[in-house]
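Please read the structure below before turning to the comments.
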Amino acid sequence: MNETSIYFFNSLVALEAAKGCQDDKYLFFYDGTLLEDAPSNCINVPIASFYDFFLQTTYPQIAQLNFDNVNFSDTIKSQITQNITQTITAIKNQKIEIINSLLPAKIDDKNIGVMIFSFLKHLIEGAEEEATVELIIKLLNIITYLQTHQYEQTQQILDLQMQLFTSINIQETSMNNIFISFVLKQLQDKKEFDKNREECLQKISNYSAIHDIFTNFHFVKYIYTPKEFKKFIHIQAKIIFKSDFFDLGTIKQKEQVYRFFYITNYTFDFFEDFKEMYNILLPIYLEAIKKDLDELVMFIYYPLQFSWNGVAQTQKEHKNFNDTVERPFESYVKNILIDKYKLKANKKKISPNQKKIKVALLVHRILDLSVNHVMMSLLEAIKKDPDKQYEFIVYDMNLMEMMGSDDKKVDELKKLGFKYVDLHHEFFEGTYAFYPILEKTLKTRKLLIKDKIDILIGYHNRSEYNFLFTSRTAPKQIYWSHGNDEYDLDAIDSKISHFNTTDKRFKHFEIPIDLEIYNPDVDINEINKIRDSYPKDSFILGSIGRLIKLDSDEYLQTVAAIMKKNPHTIYLACGGKNSEVKRKVEALGLSDRFYFPGHIDAHVYAHVIDLWLTPFPFGGGMALEEYRSKGKPYVVIYDYKGEKLNLALSFAKDKNDYILIANKFIHDKNLLQRVTKSYLEHASKQLEKHTINDFRNILKISI
């Protein structure tokens, strides 16, 4: 509240000041006996009851002392001022202690009244920003609790609600106030839950400051649970994509898509239901193509890609995306954009004998992810065994709508000595998320041609890749798969992969395994400390990586079968958050044996885990390679024909075989040790054997 409070030591002076004040924001407190004819803003608080009164009241703390017409010496006034200041501080600290004791407390019928009263009172008095966030979260949890529990509100709490309604701006000019308003309305009538939360979303969507929405959108998770994600996303779509959407300006259209996808993506855990965003956005995307809204088309592309391919678990799903999104955009580039922007195909010929062949590695961001780990390993190998005929240049799209690249990882890349080009800051200043994507892509194309790039390698689904490939930016264009084998465009000349695939369209090459990078020294005490934090004598199963990979019913049921046969096993699901995986684990009856340590040091936890159970059908990726480099055993479904027996021990033909192999590892410690030893010997030989010859041969074939 924005009220100003003054404490008087002469009651008559207080009365005179109160009667003469026309501003209802001023409160006048006074010492002494009660004045019968005092107005409501003139309040009697004897100095002896000062502490108890202001500890329990919702009035603002004293801002000023008035000693008019009292016969106090300066020394006495100073002492009184000091004592009251100390008392006010003590009251404030006492209130904070009360709040801090209630925030972590369990919500139940006994304490819910105290919680509501204390939290509302604290908000009225002006909680600090950090405290406000915690209070709102707790109040939202209380609202959820009240949906299934009865609670009779006291008149005191009802009065607080009205007071808080008055103190926050009716227009709810802050994001916090929007959610506080929702809480107050729910406390008044819990039967209006759906209406109130939809109204809350409406106010958020109409809020102009996107940064504030981004910062505070996490509150929505307490209004719509992950189980209600589809319901939430359809309400959100109804609010954001109104009938006049295509009449909006380009920036406003992009802002609406950003609100719908990006802010939601950063708020909710990533799981299968994200495909619902794809279902909503696809018709908008196709309509934008029809209307020749090129910038909107390119901006919507990534939300489509992420919400579908990001959770896709089969190549069939990847093919669906290629058919429904990739090919229509390819056709749009061919039939409309090439002519619209007067683009000419790069018809340069590469001679096998030319002095220098320039190879562009086009990345969308430089981050601490397996995709970049692989590229870094390749560049490390090239640096150790250089070939003067080839010049490798890394072009970083540094996508600002996705928070851009990691500066530390960029610095690591630069230290390798290869030329690095930041394609965002090459053309634009700042970190504005709504920069013109098409303009940036056109300028990138022009730069690549100017730099006389001979071979363009791209390894991720982005509209920019499609545009650059389809408009024939380089003489030779290569797609480097990191899991999506169905990505297919007419202008792709070659497809390569660093992992084994049965798809004959791909040329395979090995990524050198550097044990110094993948298996650094770690503190054994830290490993033991982590192991000791879990149940004693447990055999630790687990995996490391994106938890979306675990969101497979087949995989989780297989893990459950293994764990039920082996009651001493636990599972460490190391990675980000995924409430859907937690829900499925709970349904399987394993929640007390499944642990979610979050983002961890993979090199440490790889030693903590006794047996890696590779997720399927997703697979393990480079996280598995890092684990294997420790010489640790794992189980994976894989057709191991032609492999040596010592490695085939880990490879299962099907789910039943997977369970059998896991059981062997769990019960045979000697087998664990033998596999560990054999892999380390194999890795050592591979370190010598692995070269970039295969990769160079691929480049030569491409030429």
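By order of appearance in the structure tokens: chains A, B, ..., then residues from 1 within every chain, and ligands from 1 in the order shown.
For range 260-401 of chain A, backbone-based DSSP assignment of strand (DSSP E) covers A:Ile357, A:Lys358, A:Val359, A:Ala360, A:Leu361, A:Leu362, A:Val363, A:Tyr390, A:Glu391, A:Phe392, A:Ile393, A:Val394, A:Tyr395, A:Asp396.
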Residue subset to file, keeping N, CA, C and O atoms, as a PDB file, in the first residue's frame:
```
ATOM      1  N   ILE A 357      40.012 -26.024 -50.821  1.00  0.00           N
ATOM      2  CA  ILE A 357      38.585 -26.332 -50.819  1.00  0.00           C
ATOM      3  C   ILE A 357      38.009 -25.843 -49.491  1.00  0.00           C
ATOM      4  O   ILE A 357      38.436 -26.280 -48.421  1.00  0.00           O
ATOM      5  N   LYS A 358      37.069 -24.912 -49.580  1.00  0.00           N
ATOM      6  CA  LYS A 358      36.496 -24.318 -48.369  1.00  0.00           C
ATOM      7  C   LYS A 358      35.233 -25.077 -47.948  1.00  0.00           C
ATOM      8  O   LYS A 358      34.315 -25.262 -48.742  1.00  0.00           O
ATOM      9  N   VAL A 359      35.234 -25.481 -46.670  1.00  0.00           N
ATOM     10  CA  VAL A 359      34.111 -26.244 -46.117  1.00  0.00           C
ATOM     11  C   VAL A 359      33.468 -25.420 -45.001  1.00  0.00           C
ATOM     12  O   VAL A 359      34.136 -25.034 -44.035  1.00  0.00           O
ATOM     13  N   ALA A 360      32.170 -25.144 -45.148  1.00  0.00           N
ATOM     14  CA  ALA A 360      31.431 -24.385 -44.131  1.00  0.00           C
ATOM     15  C   ALA A 360      30.633 -25.334 -43.253  1.00  0.00           C
ATOM     16  O   ALA A 360      29.842 -26.140 -43.744  1.00  0.00           O
ATOM     17  N   LEU A 361      30.871 -25.244 -41.930  1.00  0.00           N
ATOM     18  CA  LEU A 361      30.048 -25.958 -40.959  1.00  0.00           C
ATOM     19  C   LEU A 361      29.044 -24.946 -40.424  1.00  0.00           C
ATOM     20  O   LEU A 361      29.405 -24.042 -39.658  1.00  0.00           O
ATOM     21  N   LEU A 362      27.792 -25.076 -40.838  1.00  0.00           N
ATOM     22  CA  LEU A 362      26.759 -24.110 -40.460  1.00  0.00           C
ATOM     23  C   LEU A 362      25.993 -24.646 -39.253  1.00  0.00           C
ATOM     24  O   LEU A 362      25.306 -25.661 -39.332  1.00  0.00           O
ATOM     25  N   VAL A 363      26.124 -23.955 -38.119  1.00  0.00           N
ATOM     26  CA  VAL A 363      25.482 -24.395 -36.874  1.00  0.00           C
ATOM     27  C   VAL A 363      24.445 -23.365 -36.448  1.00  0.00           C
ATOM     28  O   VAL A 363      24.579 -22.179 -36.732  1.00  0.00           O
ATOM     29  N   TYR A 390      42.093 -28.456 -47.402  1.00  0.00           N
ATOM     30  CA  TYR A 390      40.781 -28.067 -46.884  1.00  0.00           C
ATOM     31  C   TYR A 390      40.904 -26.929 -45.871  1.00  0.00           C
ATOM     32  O   TYR A 390      41.788 -26.925 -45.008  1.00  0.00           O
ATOM     33  N   GLU A 391      39.993 -25.984 -45.981  1.00  0.00           N
ATOM     34  CA  GLU A 391      39.858 -24.927 -44.979  1.00  0.00           C
ATOM     35  C   GLU A 391      38.454 -25.030 -44.387  1.00  0.00           C
ATOM     36  O   GLU A 391      37.463 -24.962 -45.105  1.00  0.00           O
ATOM     37  N   PHE A 392      38.388 -25.207 -43.066  1.00  0.00           N
ATOM     38  CA  PHE A 392      37.103 -25.363 -42.396  1.00  0.00           C
ATOM     39  C   PHE A 392      36.734 -24.065 -41.677  1.00  0.00           C
ATOM     40  O   PHE A 392      37.539 -23.505 -40.924  1.00  0.00           O
ATOM     41  N   ILE A 393      35.516 -23.605 -41.907  1.00  0.00           N
ATOM     42  CA  ILE A 393      35.024 -22.367 -41.299  1.00  0.00           C
ATOM     43  C   ILE A 393      33.699 -22.678 -40.601  1.00  0.00           C
ATOM     44  O   ILE A 393      32.816 -23.319 -41.174  1.00  0.00           O
ATOM     45  N   VAL A 394      33.574 -22.230 -39.346  1.00  0.00           N
ATOM     46  CA  VAL A 394      32.330 -22.415 -38.596  1.00  0.00           C
ATOM     47  C   VAL A 394      31.501 -21.141 -38.695  1.00  0.00           C
ATOM     48  O   VAL A 394      31.949 -20.062 -38.301  1.00  0.00           O
ATOM     49  N   TYR A 395      30.302 -21.277 -39.234  1.00  0.00           N
ATOM     50  CA  TYR A 395      29.355 -20.156 -39.322  1.00  0.00           C
ATOM     51  C   TYR A 395      28.246 -20.405 -38.287  1.00  0.00           C
ATOM     52  O   TYR A 395      27.517 -21.395 -38.379  1.00  0.00           O
ATOM     53  N   ASP A 396      28.151 -19.516 -37.333  1.00  0.00           N
ATOM     54  CA  ASP A 396      27.214 -19.666 -36.213  1.00  0.00           C
ATOM     55  C   ASP A 396      26.009 -18.750 -36.417  1.00  0.00           C
ATOM     56  O   ASP A 396      26.144 -17.525 -36.424  1.00  0.00           O
TER      57      ASP A 396
END
```
Check: Which residues, written as JSON, numbers by chain, have at least one atom at most 9 Å from Ile350 in chain A, with only C-alpha atoms counted and residues fewer than 2 positions away on the same chain left out?
Finding: {"A": [348, 352, 353, 354, 357, 454, 475, 476, 703]}
Note to self: Just list as a VMD selection string whatever in range 332-423 of chain A DSSP marks as alpha helix (DSSP H).
What the structure shows: chain A and resid 332 338 to 340 370 to 384 407 to 415
Mind dumping the selected residues with C-alpha atoms as a compact mmCIF listing (two decimals), in the first residue's frame?
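Okay, out-v3.txt is ready:
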```txt
# COMPACT_ATOMS: atom_id res chain seq x y z
CA TYR A 332 7.72 -22.23 -51.44
CA ILE A 338 13.91 -17.56 -55.43
CA ASP A 339 12.15 -15.47 -58.04
CA LYS A 340 10.92 -12.89 -55.52
CA SER A 370 26.18 -33.36 -27.76
CA VAL A 371 25.67 -31.90 -31.25
CA ASN A 372 28.45 -29.42 -30.61
CA HIS A 373 30.58 -31.93 -28.72
CA VAL A 374 30.68 -34.04 -31.88
CA MET A 375 31.66 -31.07 -34.05
CA MET A 376 34.35 -30.05 -31.55
CA SER A 377 35.75 -33.60 -31.57
CA LEU A 378 35.90 -33.56 -35.35
CA LEU A 379 37.65 -30.18 -35.38
CA GLU A 380 40.09 -31.40 -32.70
CA ALA A 381 40.99 -34.34 -34.94
CA ILE A 382 41.36 -32.10 -38.00
CA LYS A 383 43.64 -29.79 -36.01
CA LYS A 384 45.85 -32.71 -34.97
CA ASP A 407 30.05 -17.37 -24.99
CA LYS A 408 32.22 -19.86 -23.09
CA LYS A 409 31.64 -22.57 -25.67
CA VAL A 410 32.31 -20.11 -28.47
CA ASP A 411 35.63 -19.22 -26.82
CA GLU A 412 36.52 -22.94 -26.62
CA LEU A 413 35.81 -23.25 -30.33
CA LYS A 414 37.88 -20.20 -31.19
CA LYS A 415 40.86 -21.61 -29.29
```
Give me, as JSON lines, the closest atom pair and its distance (Å, one decimal) for every residue of range 135-242 of chain A within a cut-off of 12 Å of range 59-70 of chain A, counting only C-alpha atoms, rows sorted by chain and rising number.
```
{"residue": "A:Leu160", "atom": "CA", "partner": "A:Tyr59", "partner_atom": "CA", "distance": 11.2}
{"residue": "A:Gln163", "atom": "CA", "partner": "A:Tyr59", "partner_atom": "CA", "distance": 10.6}
{"residue": "A:Leu164", "atom": "CA", "partner": "A:Tyr59", "partner_atom": "CA", "distance": 11.9}
{"residue": "A:Ser167", "atom": "CA", "partner": "A:Tyr59", "partner_atom": "CA", "distance": 11.9}
```
Using the selection just defined, write its residues with C-alpha atoms as a PDB file, in the first residue's frame.
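Saved file part-v5.pdb follows:
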```pdb
ATOM      1  CA  LEU A 160      -7.856  -8.635   3.895  1.00  0.00           C
ATOM      2  CA  GLN A 163      -8.085  -4.483   1.234  1.00  0.00           C
ATOM      3  CA  LEU A 164      -5.651  -6.181  -1.149  1.00  0.00           C
ATOM      4  CA  SER A 167      -4.336  -1.774  -2.908  1.00  0.00           C
TER       5      SER A 167
END
```
Next item on the list: Please provide as a list in words all residues within 7 Å of Lys121 in chain A, with the sequence filter that same-chain residues fewer than 3 positions apart are discarded (counting only C-alpha atoms).
Entry: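 The contact residues come out as Thr58, Phe117, Ser118, Ile124, Glu125 and Leu160 of chain A.
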Next item on the list: Might you pull out every residue within 7 Å of Ser497 in chain A, with only C-alpha atoms counted and same-chain residues fewer than 5 positions away left off, and present them as a VMD selection string?
Entry: chain A and resid 480 to 482 506 to 509
Kindly export the residues of the current selection with N, CA and C atoms, as a PDB file, in the first residue's frame.
```pdb
ATOM      1  N   TRP A 480      24.256 -33.378 -42.391  1.00  0.00           N
ATOM      2  CA  TRP A 480      24.905 -34.201 -41.370  1.00  0.00           C
ATOM      3  C   TRP A 480      23.855 -34.571 -40.324  1.00  0.00           C
ATOM      4  N   SER A 481      23.457 -35.837 -40.320  1.00  0.00           N
ATOM      5  CA  SER A 481      22.396 -36.291 -39.416  1.00  0.00           C
ATOM      6  C   SER A 481      22.923 -36.533 -38.008  1.00  0.00           C
ATOM      7  N   HIS A 482      22.137 -36.062 -37.036  1.00  0.00           N
ATOM      8  CA  HIS A 482      22.388 -36.373 -35.628  1.00  0.00           C
ATOM      9  C   HIS A 482      21.208 -37.150 -35.053  1.00  0.00           C
ATOM     10  N   PHE A 506      23.134 -42.849 -46.379  1.00  0.00           N
ATOM     11  CA  PHE A 506      24.112 -42.132 -45.567  1.00  0.00           C
ATOM     12  C   PHE A 506      25.507 -42.718 -45.703  1.00  0.00           C
ATOM     13  N   LYS A 507      26.470 -41.816 -45.756  1.00  0.00           N
ATOM     14  CA  LYS A 507      27.879 -42.208 -45.707  1.00  0.00           C
ATOM     15  C   LYS A 507      28.338 -42.046 -44.261  1.00  0.00           C
ATOM     16  N   HIS A 508      28.983 -43.078 -43.747  1.00  0.00           N
ATOM     17  CA  HIS A 508      29.341 -43.121 -42.329  1.00  0.00           C
ATOM     18  C   HIS A 508      30.804 -42.736 -42.118  1.00  0.00           C
ATOM     19  N   PHE A 509      31.064 -42.008 -41.049  1.00  0.00           N
ATOM     20  CA  PHE A 509      32.438 -41.731 -40.618  1.00  0.00           C
ATOM     21  C   PHE A 509      32.481 -41.762 -39.099  1.00  0.00           C
TER      22      PHE A 509
END
```
Checklist line | Residue nearest Thr441 in chain A - candidates A:Leu337, A:Ile80, A:Ile157, A:Ile492, atoms counted: only C-alpha atoms | finding: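 That would be A:Leu337, the residue with the smallest distance to Thr441 in chain A.
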Residue contacts of Asp24 in chain A (12 Å, only C-alpha atoms) excluding same-chain residues fewer than 5 positions away, as a PDB file with N, CA, C and O atoms, in the first residue's frame:
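Here's the written file part-v1.pdb:
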```pdb
ATOM      1  N   ASN A   2       0.425   2.283  -0.634  1.00  0.00           N
ATOM      2  CA  ASN A   2       1.204   3.515  -0.745  1.00  0.00           C
ATOM      3  C   ASN A   2       0.759   4.556   0.276  1.00  0.00           C
ATOM      4  O   ASN A   2       0.623   5.726  -0.023  1.00  0.00           O
ATOM      5  N   GLU A   3       0.491   4.106   1.520  1.00  0.00           N
ATOM      6  CA  GLU A   3       0.077   5.030   2.561  1.00  0.00           C
ATOM      7  C   GLU A   3       1.291   5.524   3.340  1.00  0.00           C
ATOM      8  O   GLU A   3       2.318   4.846   3.422  1.00  0.00           O
ATOM      9  N   THR A   4       1.153   6.709   3.935  1.00  0.00           N
ATOM     10  CA  THR A   4       2.208   7.281   4.772  1.00  0.00           C
ATOM     11  C   THR A   4       1.699   7.358   6.201  1.00  0.00           C
ATOM     12  O   THR A   4       0.605   7.879   6.454  1.00  0.00           O
ATOM     13  N   SER A   5       2.445   6.817   7.149  1.00  0.00           N
ATOM     14  CA  SER A   5       2.010   6.788   8.550  1.00  0.00           C
ATOM     15  C   SER A   5       2.918   7.654   9.419  1.00  0.00           C
ATOM     16  O   SER A   5       4.140   7.654   9.263  1.00  0.00           O
ATOM     17  N   ALA A  18      -5.056  15.137  11.574  1.00  0.00           N
ATOM     18  CA  ALA A  18      -5.959  14.223  10.874  1.00  0.00           C
ATOM     19  C   ALA A  18      -7.168  14.949  10.313  1.00  0.00           C
ATOM     20  O   ALA A  18      -7.592  14.708   9.181  1.00  0.00           O
ATOM     21  N   LYS A  19      -7.747  15.852  11.118  1.00  0.00           N
ATOM     22  CA  LYS A  19      -8.927  16.602  10.659  1.00  0.00           C
ATOM     23  C   LYS A  19      -8.580  17.560   9.523  1.00  0.00           C
ATOM     24  O   LYS A  19      -9.422  17.843   8.667  1.00  0.00           O
ATOM     25  N   PRO A  39     -11.293  10.981  13.756  1.00  0.00           N
ATOM     26  CA  PRO A  39     -11.692  10.350  12.488  1.00  0.00           C
ATOM     27  C   PRO A  39     -11.031   8.975  12.353  1.00  0.00           C
ATOM     28  O   PRO A  39     -10.123   8.623  13.117  1.00  0.00           O
ATOM     29  N   SER A  40     -11.475   8.188  11.353  1.00  0.00           N
ATOM     30  CA  SER A  40     -11.004   6.803  11.198  1.00  0.00           C
ATOM     31  C   SER A  40      -9.513   6.702  10.894  1.00  0.00           C
ATOM     32  O   SER A  40      -8.896   5.670  11.159  1.00  0.00           O
ATOM     33  N   ASN A  41      -8.939   7.775  10.341  1.00  0.00           N
ATOM     34  CA  ASN A  41      -7.507   7.716  10.023  1.00  0.00           C
ATOM     35  C   ASN A  41      -6.632   8.203  11.169  1.00  0.00           C
ATOM     36  O   ASN A  41      -5.425   8.346  11.024  1.00  0.00           O
ATOM     37  N   CYS A  42      -7.254   8.451  12.317  1.00  0.00           N
ATOM     38  CA  CYS A  42      -6.523   8.861  13.527  1.00  0.00           C
ATOM     39  C   CYS A  42      -6.661   7.733  14.545  1.00  0.00           C
ATOM     40  O   CYS A  42      -7.727   7.523  15.136  1.00  0.00           O
TER      41      CYS A  42
END
```
Next item on the list: Please indicate the distance in Å from CA of Ser463 in chain A to CA of Val297 in chain A, rounded to one decimal place.
Entry: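 Separation of CA of Ser463 in chain A and CA of Val297 in chain A: 8.6 Å.
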Note to self: Given only C-alpha atoms as the basis, pick out the residue of A:His460, A:Arg696, A:Lys565, A:Lys342 nearest to Leu442 in chain A.
What the structure shows: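 Residue with the minimum atom-to-atom distance to Leu442 in chain A: A:Lys342.
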Notebook entry, point to check: If we count only C-alpha atoms, what is near Asp294 in chain A at a cut-off of 8 Å, once residues fewer than 5 positions away on the same chain are taken out, given as a PyMOL selection string?
Noted result: chain A and resi 288-289+438
Keeping only N, CA and C atoms, write the selected residues to a file as a PDB file, in the first residue's frame.
```
ATOM      1  N   ALA A 288       0.160 -19.145 -43.964  1.00  0.00           N
ATOM      2  CA  ALA A 288       1.160 -18.083 -44.164  1.00  0.00           C
ATOM      3  C   ALA A 288       1.907 -18.287 -45.477  1.00  0.00           C
ATOM      4  N   ILE A 289       2.165 -19.547 -45.846  1.00  0.00           N
ATOM      5  CA  ILE A 289       2.796 -19.843 -47.143  1.00  0.00           C
ATOM      6  C   ILE A 289       1.873 -19.405 -48.276  1.00  0.00           C
ATOM      7  N   LEU A 438      14.503 -13.707 -42.509  1.00  0.00           N
ATOM      8  CA  LEU A 438      14.742 -13.834 -43.944  1.00  0.00           C
ATOM      9  C   LEU A 438      15.888 -12.932 -44.387  1.00  0.00           C
TER      10      LEU A 438
END
```
Note to self: Let me make sure I understand: among A:Tyr26, A:Ile666, A:Gly458, A:Met115, which one has the smallest atom-to-atom distance to Ile496 in chain A if we use only C-alpha atoms?
What the structure shows: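 Looking only at the distances to Ile496 in chain A, the closest residue turns out to be A:Gly458.
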Next item on the list: Work out how far CA of Gln56 in chain A is from CA of Leu34 in chain A, in Å to one decimal.
Entry: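 Between these atoms lies a distance of 19.3 Å.
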Margin query: Report as a list in words all protein, DNA and RNA residues lying within 12 Å of Pro436 in chain A, evaluated on only C-alpha atoms, omitting residues in the same chain fewer than 4 positions from it.
Written below: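 In the requested form, the answer reads Thr250, Ile251, Lys254, Asp294, Glu295, Leu296, Val297, Met298, Phe299, Leu399, Met400, Glu401, His424, Phe427, Phe428, Tyr432, Lys440, Thr441, Leu442, Lys443 and Glu464 of chain A.
For the choices A:Asp244, A:Thr470, A:Leu423, A:Lys231, the atom-to-atom distance to Pro328 in chain A is smallest for A:Thr470 when using only C-alpha atoms.
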Next item on the list: May I ask which of the residues A:Thr225, A:Ser208, A:Thr501, A:Gln153 is the closest one to Phe268 in chain A, counting only C-alpha atoms?
Entry: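 Closest candidate: A:Thr225.
Between CA of Pro104 in chain A and CA of Ile180 in chain A the interatomic distance comes to 19.4 Å.
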